[in-house]
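J.: The structure under discussion is supplied below as structure tokens; questions concerning it will follow.
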Amino acid sequence: MKELGKLCGREECTITSYESSVIFPHYTVMKKICTALGIPVQEFGDEYYTFVLSEDYESYLRQWRKENTKRFDEMESILGVCYGVYRSWEKGLRMTRESFDKIREKLI
């Protein structure tokens with residue numbers, strides 16, 4: 001845990017908290033953990049990380065919008081997310097775990 005913490009820029013106690021699910025690492029830290037361990041993010045079985053760290057994250061979001069909305073104001077009524085926020089995700093900003101949990105059923 002100490003070595004993994006060094007590789008990821010986190011303290012050993014933080015890594016312990018991740019392992020015991022007390023807290024979840026930010027997606028950028030999870031990416032570092034996967035790189036350090038040499039395993040794909042899918043190995044963790046977490047839908048959030050698998051989605052936000054996927055290579056087709058932005059294109060998936062664009063495609064979903066094109067298939068499911070015709071007007072900007074529909075985004076909020078369908079997902080409960082304003083269009084500007086959704087567009088920022090399409091441009092590469094990764095959504096939070098809370099946002100993903102809120103819209104997962106409708107998005108995936």
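We label chains A, B, ... in the order they appear in the structure tokens, count residues from 1 in each chain, and number ligands from 1 in the order shown.
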With a distance cut-off of 9 Å and only C-alpha atoms, select the neighbouring residues of region 54-65 of chain A, excluding the residue or stretch itself and same-chain residues fewer than 5 positions from it, and output the selection as a list in words.
T.: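 In the requested format, the answer is Val41, Tyr49, Lys70, Met75, Tyr86, Arg87, Trp89, Glu90, Lys91, Gly92, Leu93, Arg94, Leu107 and Ile108 of chain A.
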J.: Which residues, written as a short mmCIF file (atom, residue, chain, number, x, y, z; two decimals) with C-alpha atoms, in the first residue's frame, have at least one atom at most 12 Å from Tyr27 (chain A), with only C-alpha atoms counted and residues fewer than 4 positions away on the same chain left out?
T.:
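Result file is out-v6.cif:
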```cif
data_model
loop_
_atom_site.label_atom_id
_atom_site.label_comp_id
_atom_site.auth_asym_id
_atom_site.auth_seq_id
_atom_site.Cartn_x
_atom_site.Cartn_y
_atom_site.Cartn_z
CA CYS A 8 -0.33 7.46 -7.12
CA LYS A 31 -6.34 5.85 -13.57
CA LYS A 32 -2.96 6.08 -11.79
CA ILE A 33 -3.79 3.02 -9.69
CA CYS A 34 -4.65 1.01 -12.79
CA VAL A 41 -10.10 -0.31 -14.89
CA ASP A 46 -17.09 -0.32 -10.94
CA GLU A 47 -19.43 1.07 -13.62
CA TYR A 48 -18.52 4.67 -12.87
CA TYR A 49 -14.79 4.25 -13.42
CA THR A 50 -15.34 2.02 -16.42
CA PHE A 51 -17.56 4.68 -18.00
CA VAL A 52 -15.62 7.87 -17.25
CA LEU A 53 -12.23 6.33 -18.03
CA SER A 54 -13.34 4.71 -21.28
CA LEU A 93 -14.84 17.03 -18.46
CA ARG A 94 -15.54 13.86 -16.51
CA MET A 95 -18.78 13.71 -14.58
CA THR A 96 -18.75 13.09 -10.87
CA ARG A 97 -19.76 9.80 -9.34
#
```
J.: DSSP on the backbone, then: every residue of chain A marked alpha helix (DSSP H), written as a ChimeraX atom specification.
T.: /A:2-8,12-19,27-37,47-52,57-68,74-79,83-90,97-107
